[in-house]
$ cat run_10.cif   # mmCIF, C-alpha atoms
data_model
loop_
_atom_site.label_atom_id
_atom_site.label_comp_id
_atom_site.auth_asym_id
_atom_site.auth_seq_id
_atom_site.Cartn_x
_atom_site.Cartn_y
_atom_site.Cartn_z
CA MET A 1 13.51 -20.20 -13.35
CA THR A 2 15.18 -21.19 -10.10
CA ALA A 3 12.28 -21.01 -7.65
CA PRO A 4 10.66 -24.29 -6.52
CA LEU A 5 7.91 -24.44 -9.16
CA ALA A 6 7.69 -28.23 -8.91
CA ARG A 7 5.70 -27.99 -5.69
CA ARG A 8 2.86 -25.87 -7.08
CA THR A 9 -0.57 -26.52 -5.61
CA PRO A 10 -2.84 -28.11 -8.27
CA SER A 11 -5.29 -25.52 -9.59
CA ARG A 12 -8.61 -25.34 -11.38
CA LEU A 13 -7.06 -23.82 -14.47
CA PRO A 14 -7.78 -25.97 -17.55
CA PHE A 15 -4.39 -25.10 -19.05
CA ASP A 16 -0.81 -24.49 -17.96
CA LEU A 17 -0.15 -20.84 -17.21
CA PRO A 18 3.45 -19.80 -17.99
CA PRO A 19 5.36 -18.86 -14.83
CA LEU A 20 6.44 -15.45 -16.15
CA GLY A 21 4.25 -12.99 -18.00
CA ILE A 22 4.21 -9.37 -19.10
CA GLY A 23 1.79 -6.81 -17.74
CA THR A 24 0.82 -4.42 -20.52
CA ALA A 25 -0.24 -1.31 -18.59
CA PRO A 26 3.03 0.38 -19.67
CA LEU A 27 2.17 -0.33 -23.32
CA GLY A 28 -0.99 1.67 -22.67
CA GLY A 29 1.05 4.66 -21.51
CA LEU A 30 1.15 4.16 -17.73
CA PHE A 31 3.36 6.96 -16.29
CA GLU A 32 4.76 7.87 -19.73
CA GLU A 33 3.96 7.27 -23.37
CA VAL A 34 5.48 4.32 -25.23
CA THR A 35 5.96 4.67 -28.97
CA GLU A 36 4.64 2.09 -31.41
CA GLN A 37 8.23 1.22 -32.27
CA ASP A 38 9.13 0.59 -28.62
CA ALA A 39 5.95 -1.43 -28.08
CA ALA A 40 6.85 -3.65 -31.05
CA ALA A 41 10.40 -4.06 -29.75
CA THR A 42 9.05 -4.99 -26.32
CA LEU A 43 6.97 -7.80 -27.78
CA ARG A 44 9.82 -9.00 -29.99
CA ALA A 45 12.01 -9.21 -26.89
CA ALA A 46 9.28 -11.22 -25.17
CA ALA A 47 9.26 -13.67 -28.08
CA GLU A 48 13.05 -13.98 -27.93
CA ALA A 49 12.89 -14.65 -24.18
CA GLY A 50 10.19 -17.30 -24.62
CA ILE A 51 7.56 -15.29 -22.74
CA ARG A 52 4.04 -16.18 -23.88
CA TYR A 53 1.72 -14.79 -21.18
CA PHE A 54 0.37 -11.26 -21.55
CA ASP A 55 -2.01 -9.57 -19.12
CA THR A 56 -4.01 -6.60 -20.36
CA ALA A 57 -7.23 -4.64 -19.77
CA PRO A 58 -9.48 -2.13 -21.55
CA ARG A 59 -8.47 0.50 -18.99
CA TYR A 60 -4.79 0.30 -19.97
CA GLY A 61 -4.49 3.34 -22.18
CA HIS A 62 -8.24 3.32 -22.96
CA GLY A 63 -7.82 0.24 -25.15
CA GLN A 64 -4.35 1.05 -26.48
CA ALA A 65 -2.63 -1.88 -24.76
CA GLU A 66 -5.14 -4.36 -26.16
CA GLU A 67 -4.92 -2.82 -29.63
CA ARG A 68 -1.15 -3.08 -29.60
CA LEU A 69 -1.26 -6.72 -28.61
CA GLY A 70 -3.71 -7.34 -31.42
CA ARG A 71 -1.50 -5.61 -34.00
CA LEU A 72 1.96 -6.55 -32.82
CA LEU A 73 2.00 -9.99 -31.18
CA GLU A 74 2.04 -12.03 -34.36
CA PRO A 75 4.60 -9.86 -36.21
CA ALA A 76 6.77 -10.02 -33.08
CA GLY A 77 6.97 -13.79 -33.44
CA VAL A 78 5.09 -14.73 -30.25
CA THR A 79 3.67 -18.21 -30.75
CA GLY A 80 0.81 -19.67 -28.73
CA PRO A 81 0.21 -16.57 -26.58
CA VAL A 82 -1.77 -16.86 -23.37
CA ILE A 83 -3.82 -13.71 -22.86
CA SER A 84 -5.79 -12.44 -19.89
CA THR A 85 -7.94 -9.35 -20.02
CA LYS A 86 -10.48 -7.76 -17.70
CA THR A 87 -14.07 -6.59 -17.54
CA GLY A 88 -16.45 -4.54 -15.41
CA TRP A 89 -15.46 -1.23 -17.01
CA LEU A 90 -16.50 0.07 -20.42
CA LEU A 91 -14.94 2.61 -22.76
CA ARG A 92 -17.53 5.18 -23.80
CA PRO A 93 -16.88 7.79 -26.55
CA ARG A 94 -17.23 11.36 -25.35
CA ALA A 95 -20.00 13.38 -26.94
CA ASP A 96 -17.54 15.96 -28.23
CA GLY A 97 -15.41 13.31 -29.93
CA SER A 98 -12.33 14.15 -27.85
CA GLY A 99 -11.70 10.61 -26.68
CA THR A 100 -13.23 8.03 -24.37
CA ASP A 101 -14.29 7.82 -20.74
CA VAL A 102 -14.07 4.72 -18.56
CA VAL A 103 -17.32 3.83 -16.80
CA THR A 104 -18.31 0.90 -14.61
CA ASP A 105 -20.88 -1.55 -15.93
CA TRP A 106 -21.41 -4.81 -14.06
CA THR A 107 -24.59 -5.84 -15.88
CA GLU A 108 -24.55 -8.93 -18.06
CA ARG A 109 -24.94 -6.75 -21.12
CA GLY A 110 -22.04 -4.55 -20.02
CA ILE A 111 -19.78 -7.53 -19.21
CA ARG A 112 -20.48 -9.07 -22.61
CA GLU A 113 -19.99 -5.78 -24.44
CA SER A 114 -16.69 -5.25 -22.66
CA LEU A 115 -15.37 -8.66 -23.68
CA GLU A 116 -16.60 -8.31 -27.25
CA SER A 117 -14.82 -4.96 -27.53
CA SER A 118 -11.64 -6.48 -26.07
CA LEU A 119 -11.75 -9.38 -28.52
CA GLU A 120 -12.12 -6.94 -31.40
CA ARG A 121 -9.12 -4.91 -30.24
CA LEU A 122 -7.09 -8.07 -29.64
CA GLY A 123 -8.11 -9.60 -32.96
CA ARG A 124 -9.10 -12.85 -31.27
CA ASP A 125 -12.16 -15.08 -30.99
CA ALA A 126 -11.52 -15.88 -27.32
CA VAL A 127 -9.14 -15.18 -24.45
CA ASP A 128 -7.66 -17.52 -21.90
CA ILE A 129 -8.58 -15.61 -18.72
CA LEU A 130 -11.21 -12.97 -17.99
CA TYR A 131 -10.84 -11.12 -14.68
CA LEU A 132 -13.49 -8.98 -13.03
CA HIS A 133 -11.37 -5.85 -12.64
CA ASP A 134 -11.13 -3.87 -9.41
CA ALA A 135 -14.44 -5.15 -8.08
CA ASP A 136 -13.45 -4.21 -4.51
CA ASP A 137 -16.49 -2.04 -3.82
CA TYR A 138 -18.98 -3.82 -6.07
CA ALA A 139 -19.91 -6.93 -4.09
CA ASP A 140 -23.64 -6.46 -4.73
CA GLU A 141 -23.13 -6.08 -8.46
CA VAL A 142 -20.87 -9.13 -8.56
CA ARG A 143 -23.48 -11.18 -6.73
CA ASP A 144 -26.45 -9.95 -8.75
CA THR A 145 -25.08 -9.96 -12.30
CA ALA A 146 -21.35 -9.90 -12.96
CA TYR A 147 -20.25 -13.31 -11.72
CA THR A 148 -23.10 -15.07 -13.50
CA ALA A 149 -22.19 -13.18 -16.67
CA VAL A 150 -18.54 -14.26 -16.71
CA ARG A 151 -19.51 -17.86 -15.93
CA ARG A 152 -21.82 -17.80 -18.93
CA LEU A 153 -19.02 -16.46 -21.11
CA ARG A 154 -16.84 -19.32 -19.90
CA ASP A 155 -19.59 -21.83 -20.65
CA GLU A 156 -19.86 -20.40 -24.17
CA GLY A 157 -16.13 -20.88 -24.74
CA LEU A 158 -15.34 -17.18 -25.16
CA VAL A 159 -12.98 -17.46 -22.18
CA LYS A 160 -11.28 -20.52 -20.70
CA ALA A 161 -11.02 -19.33 -17.10
CA ILE A 162 -12.55 -16.64 -14.92
CA GLY A 163 -11.47 -14.79 -11.81
CA PHE A 164 -10.88 -11.47 -10.12
CA GLY A 165 -8.02 -9.01 -10.38
CA MET A 166 -7.33 -6.21 -7.90
CA ASN A 167 -4.83 -4.53 -5.59
CA HIS A 168 -6.34 -5.50 -2.22
CA SER A 169 -6.17 -8.90 -0.58
CA ALA A 170 -9.19 -8.82 1.74
CA PRO A 171 -11.95 -8.30 -0.86
CA LEU A 172 -10.19 -10.71 -3.19
CA ALA A 173 -10.18 -13.37 -0.47
CA ALA A 174 -13.89 -12.74 0.12
CA TYR A 175 -14.62 -13.40 -3.54
CA VAL A 176 -12.55 -16.59 -3.53
CA ALA A 177 -14.47 -17.76 -0.46
CA GLY A 178 -17.85 -16.93 -1.98
CA TYR A 179 -17.53 -18.03 -5.60
CA GLU A 180 -16.04 -20.72 -7.80
CA VAL A 181 -12.92 -18.95 -9.01
CA ASP A 182 -10.35 -20.40 -11.41
CA VAL A 183 -7.64 -17.76 -10.92
CA VAL A 184 -6.96 -14.45 -9.20
CA LEU A 185 -4.53 -11.65 -9.92
CA ILE A 186 -3.23 -9.80 -6.87
CA ALA A 187 -1.02 -6.77 -7.51
CA GLY A 188 1.48 -5.33 -5.05
CA ARG A 189 0.36 -7.31 -2.01
CA PHE A 190 2.80 -10.20 -2.09
CA SER A 191 6.26 -8.77 -2.46
CA LEU A 192 9.45 -8.51 -0.45
CA LEU A 193 8.01 -5.33 1.11
CA ASP A 194 4.34 -6.29 1.43
CA HIS A 195 3.02 -9.62 2.71
CA ASP A 196 -0.63 -8.63 2.96
CA ALA A 197 -1.81 -11.64 0.90
CA ARG A 198 0.08 -14.10 3.08
CA ASP A 199 -2.42 -14.92 5.85
CA THR A 200 -5.77 -14.77 4.09
CA LEU A 201 -5.74 -14.89 0.31
CA LEU A 202 -2.91 -17.33 -0.40
CA PRO A 203 -3.86 -20.07 2.09
CA LEU A 204 -7.45 -19.88 0.87
CA CYS A 205 -6.40 -20.19 -2.76
CA ALA A 206 -4.21 -23.18 -1.91
CA LYS A 207 -7.22 -24.82 -0.24
CA THR A 208 -9.68 -24.10 -3.05
CA GLY A 209 -7.32 -24.80 -5.95
CA THR A 210 -7.52 -21.22 -7.17
CA ALA A 211 -4.45 -20.30 -9.20
CA VAL A 212 -2.70 -17.10 -8.13
CA VAL A 213 -1.01 -14.64 -10.44
CA VAL A 214 1.10 -12.03 -8.66
CA GLY A 215 1.71 -8.60 -10.16
CA GLY A 216 3.43 -5.54 -8.78
CA VAL A 217 6.45 -7.44 -7.48
CA PHE A 218 8.54 -4.27 -7.67
CA ASN A 219 5.88 -2.23 -5.83
CA THR A 220 5.72 0.24 -8.75
CA GLY A 221 9.48 0.36 -9.23
CA LEU A 222 11.01 0.64 -5.79
CA LEU A 223 12.31 -2.94 -5.74
CA ALA A 224 13.69 -2.60 -9.24
CA ASP A 225 15.76 0.45 -8.32
CA PRO A 226 15.54 1.83 -4.74
CA SER A 227 16.50 5.40 -5.61
CA ASP A 228 15.32 8.64 -4.00
CA ASP A 229 12.92 9.35 -6.85
CA ALA A 230 11.43 5.83 -7.00
CA MET A 231 7.70 5.20 -6.88
CA PHE A 232 6.16 2.98 -4.22
CA ASN A 233 2.63 1.72 -4.84
CA TYR A 234 1.98 4.50 -7.37
CA ARG A 235 3.21 7.31 -5.07
CA PRO A 236 6.56 8.91 -4.26
CA VAL A 237 8.45 6.58 -1.96
CA PRO A 238 8.23 7.24 1.81
CA ALA A 239 11.54 7.31 3.68
CA GLU A 240 10.77 4.15 5.66
CA ALA A 241 9.95 2.11 2.55
CA LEU A 242 13.07 3.39 0.81
CA ALA A 243 15.23 2.39 3.78
CA ARG A 244 13.73 -1.12 3.84
CA ALA A 245 14.25 -1.54 0.09
CA ARG A 246 17.88 -0.48 0.41
CA ARG A 247 18.44 -2.89 3.28
CA CYS A 248 16.94 -5.65 1.16
CA GLN A 249 19.27 -4.65 -1.67
CA ALA A 250 22.27 -4.75 0.68
CA LEU A 251 21.44 -8.30 1.73
CA CYS A 252 21.15 -9.36 -1.90
CA ASP A 253 24.45 -7.69 -2.69
CA GLU A 254 26.18 -9.82 -0.05
CA PHE A 255 25.30 -12.87 -2.16
CA GLY A 256 25.92 -11.27 -5.54
CA VAL A 257 22.24 -11.45 -6.41
CA PRO A 258 20.53 -8.43 -8.00
CA LEU A 259 17.60 -7.16 -5.97
CA PRO A 260 15.19 -7.53 -8.95
CA ALA A 261 15.99 -11.25 -9.11
CA ALA A 262 14.88 -11.78 -5.52
CA ALA A 263 11.84 -9.56 -6.09
CA VAL A 264 10.65 -11.45 -9.17
CA GLN A 265 11.24 -14.90 -7.69
CA PHE A 266 9.95 -14.25 -4.17
CA PRO A 267 6.25 -15.00 -4.93
CA TYR A 268 7.11 -18.49 -6.21
CA LEU A 269 8.13 -19.47 -2.69
CA HIS A 270 4.40 -19.85 -1.97
CA PRO A 271 2.97 -23.00 -3.59
CA ALA A 272 -0.33 -21.30 -4.49
CA VAL A 273 1.44 -18.88 -6.84
CA THR A 274 1.33 -20.04 -10.44
CA SER A 275 2.66 -17.03 -12.31
CA VAL A 276 4.25 -13.60 -11.93
CA VAL A 277 3.54 -10.73 -14.33
CA VAL A 278 5.88 -7.78 -14.63
CA GLY A 279 5.12 -4.55 -16.45
CA CYS A 280 7.51 -3.82 -19.33
CA ARG A 281 7.74 -0.77 -21.57
CA SER A 282 10.89 -1.61 -23.54
CA ALA A 283 12.94 -4.47 -24.90
CA ALA A 284 15.58 -3.74 -22.28
CA GLU A 285 13.07 -4.17 -19.47
CA VAL A 286 11.87 -7.48 -20.91
CA ALA A 287 15.45 -8.76 -21.11
CA ALA A 288 16.22 -7.57 -17.58
CA ASN A 289 13.12 -9.19 -16.10
CA ALA A 290 13.72 -12.45 -17.94
CA GLU A 291 17.27 -12.46 -16.59
CA ALA A 292 15.97 -11.71 -13.08
CA ALA A 293 13.65 -14.70 -13.30
CA ARG A 294 16.45 -17.12 -14.15
CA THR A 295 19.20 -15.78 -11.88
CA PRO A 296 20.02 -18.35 -9.17
CA VAL A 297 18.94 -17.26 -5.67
CA PRO A 298 20.62 -19.36 -2.97
CA ASP A 299 18.59 -20.73 -0.09
CA GLU A 300 20.88 -18.94 2.34
CA LEU A 301 19.83 -15.59 0.90
CA TRP A 302 16.16 -16.46 1.36
CA ARG A 303 16.95 -17.36 4.97
CA ARG A 304 18.77 -14.07 5.53
CA LEU A 305 15.85 -12.17 4.03
CA ALA A 306 13.49 -14.11 6.30
CA ASP A 307 15.61 -13.22 9.33
CA GLU A 308 14.93 -9.54 8.64
CA GLY A 309 11.26 -9.89 7.79
CA PHE A 310 11.38 -9.62 4.00
CA VAL A 311 10.27 -13.24 3.50
CA PRO A 312 7.74 -15.17 5.64
CA ARG A 313 9.70 -17.66 7.69
CA GLU A 314 7.42 -20.62 6.88
CA LEU A 315 8.27 -20.33 3.16
CA VAL A 316 11.98 -20.81 3.66
CA ALA A 317 13.63 -24.22 3.94
CA GLY A 318 15.94 -24.85 6.87
#

$ encode --input "run_10.cif" --output "structure tokens"
Amino acid sequence: MTAPLARRTPSRLPFDLPPLGIGTAPLGGLFEEVTEQDAAATLRAAAEAGIRYFDTAPRYGHGQAEERLGRLLEPAGVTGPVISTKTGWLLRPRADGSGTDVVTDWTERGIRESLESSLERLGRDAVDILYLHDADDYADEVRDTAYTAVRRLRDEGLVKAIGFGMNHSAPLAAYVAGYEVDVVLIAGRFSLLDHDARDTLLPLCAKTGTAVVVGGVFNTGLLADPSDDAMFNYRPVPAEALARARRCQALCDEFGVPLPAAAVQFPYLHPAVTSVVVGCRSAAEVAANAEAARTPVPDELWRRLADEGFVPRELVAG
């Protein structure tokens, strides 16, 4: 890992969070199905690359991602895994037996039931991090029941750390300001193409000692491969975003650095960022992302990217 991790801001986390993790939404079938064989190969590749952090959620494939971690992590050879999962949403069997529905439940009973179900799927007695998931529009419920519930679960030792995970910086910053938060997960809002977390969330987390995990560094694929059919924030890429991604790629090419390497390492330029999670659906993707994380990125490239607005100027030396 070439980014300046030595200058991390001290955080409230009671353990060291690995700098690179795997997001398991693809193992739950995000965008396309992943076979059991490919899921097992993905986790074996993670073990071979020394990756130990896995982020999951009940909503990823209606429990499939958690179930696969529970079945496949140990056979894959992953030792000492760090696992984060999420709560606030429950899986409810349909009356006709055709599957499950996802429903919100921010009550203490619902929060506890969600975690208990996750632990059963994961085959674990506890998890390292429990995030309140996509609580953007549920401030009243968080205040009245949900935050107290996750604190109690932490006090009971069922989770080591608590926080919030979502795709929008402003509500996440409001929660950090209003509650004692160990860690937050922000997806897609601190990337080479999107600096939304820069002015509010990240400075606040640095001040409060809240660890920051950044997901969505490829903005749903565009920064991994800026092609005409790429996705950008879960939608077909607009022409302007595609042009910016290709310009970013051209700058990286001048220095012989693959665009994914700059995309994966960019969040570490901010001292509040503790870890980056990248979604992987195959062994090849794990290997590629691990290589991206350790590819040297020269300071001069960061400066060139800053000159054209892809990197905040204050994060670049010189």

$ closest_residue --input "run_10.cif" --among "A:Tyr147, A:Phe218, A:Tyr175, A:Trp89" --to "Gly110 of chain A" --atoms "all atoms listed in the file"
A:Trp89

$ resolve_selection --input "run_10.cif" --expression "the PyMOL selection byres ((chain A and resi 243) around 12)" --output "list of chain:residue names"
A:Leu193, A:Leu222, A:Leu223, A:Pro226, A:Ser227, A:Asp228, A:Ala230, A:Val237, A:Pro238, A:Ala239, A:Glu240, A:Ala241, A:Leu242, A:Arg244, A:Ala245, A:Arg246, A:Arg247, A:Cys248, A:Gln249, A:Ala250

$ closest_residue --input "run_10.cif" --among "A:Asp105, A:Glu156, A:Glu300, A:Asp55" --to "Asp125 of chain A" --atoms "only C-alpha atoms"
A:Glu156

$ atom_distance --input "run_10.cif" --atom1 "atom CA of Gly21 of chain A" --atom2 "atom CA of Leu301 of chain A"
24.6 Å

$ atom_distance --input "run_10.cif" --atom1 "atom CA of Ala288 of chain A" --atom2 "atom CA of Ala57 of chain A"
23.7 Å

$ resolve_selection --input "run_10.cif" --expression "the PyMOL selection byres ((chain A and resi 173) around 9)" --output "PyMOL selection string"
chain A and resi 168-172+174-178+197+200-202+204-205

$ residues_around --input "run_10.cif" --residues "segment 128-132 of chain A" --least-positions-apart "5" --cutoff "10 Å" --atoms "all atoms listed in the file" --output "PyMOL selection string"
chain A and resi 13-15+17+53+55-57+81-89+106+111+115+142+146-147+150-151+153-154+157-166+181-185

$ residues_near_point --input "run_10.cif" --point "(-1.8, -23.5, -3.6)" --cutoff "8 Å" --atoms "all atoms listed in the file" --output "VMD selection string"
chain A and resid 8 to 11 202 to 203 205 to 212 270 to 273

$ write_last_selection --input "run_10.cif" --atoms "C-alpha atoms" --output "mmCIF file, keeping the file's coordinate frame"
data_model
loop_
_atom_site.group_PDB
_atom_site.id
_atom_site.type_symbol
_atom_site.label_atom_id
_atom_site.label_comp_id
_atom_site.auth_asym_id
_atom_site.auth_seq_id
_atom_site.Cartn_x
_atom_site.Cartn_y
_atom_site.Cartn_z
ATOM 1 C CA ARG A 8 2.860 -25.870 -7.080
ATOM 2 C CA THR A 9 -0.570 -26.520 -5.610
ATOM 3 C CA PRO A 10 -2.840 -28.110 -8.270
ATOM 4 C CA SER A 11 -5.290 -25.520 -9.590
ATOM 5 C CA LEU A 202 -2.910 -17.330 -0.400
ATOM 6 C CA PRO A 203 -3.860 -20.070 2.090
ATOM 7 C CA CYS A 205 -6.400 -20.190 -2.760
ATOM 8 C CA ALA A 206 -4.210 -23.180 -1.910
ATOM 9 C CA LYS A 207 -7.220 -24.820 -0.240
ATOM 10 C CA THR A 208 -9.680 -24.100 -3.050
ATOM 11 C CA GLY A 209 -7.320 -24.800 -5.950
ATOM 12 C CA THR A 210 -7.520 -21.220 -7.170
ATOM 13 C CA ALA A 211 -4.450 -20.300 -9.200
ATOM 14 C CA VAL A 212 -2.700 -17.100 -8.130
ATOM 15 C CA HIS A 270 4.400 -19.850 -1.970
ATOM 16 C CA PRO A 271 2.970 -23.000 -3.590
ATOM 17 C CA ALA A 272 -0.330 -21.300 -4.490
ATOM 18 C CA VAL A 273 1.440 -18.880 -6.840
#

$ atom_distance --input "run_10.cif" --atom1 "atom CA of Val102 of chain A" --atom2 "atom CA of His62 of chain A"
7.4 Å

$ closest_residue --input "run_10.cif" --among "A:Glu120, A:Glu285, A:Glu254, A:Glu48" --to "Gly221 of chain A" --atoms "only C-alpha atoms"
A:Glu285

$ residues_near_point --input "run_10.cif" --point "(12.3, -14.3, -23.6)" --cutoff "12 Å" --atoms "all atoms listed in the file" --output "MDAnalysis selection string"
chainID A and resid 1 18 20:22 42:53 76:79 283:294

$ residues_around --input "run_10.cif" --residues "Ala262 of chain A" --least-positions-apart "3" --cutoff "8 Å" --atoms "all atoms listed in the file" --output "count of residues only"
8

$ residues_around --input "run_10.cif" --residues "Glu36 of chain A" --least-positions-apart "2" --cutoff "12 Å" --atoms "only C-alpha atoms" --output "list in words"
Pro26, Leu27, Gly28, Gly29, Glu33, Val34, Asp38, Ala39, Ala40, Ala41, Thr42, Leu43, Gln64, Ala65, Glu67, Arg68, Leu69, Arg71, Leu72, Arg281 and Ser282 of chain A

$ closest_residue --input "run_10.cif" --among "A:Phe255, A:Glu113, A:Phe31, A:Thr100" --to "Cys280 of chain A" --atoms "all atoms listed in the file"
A:Phe31
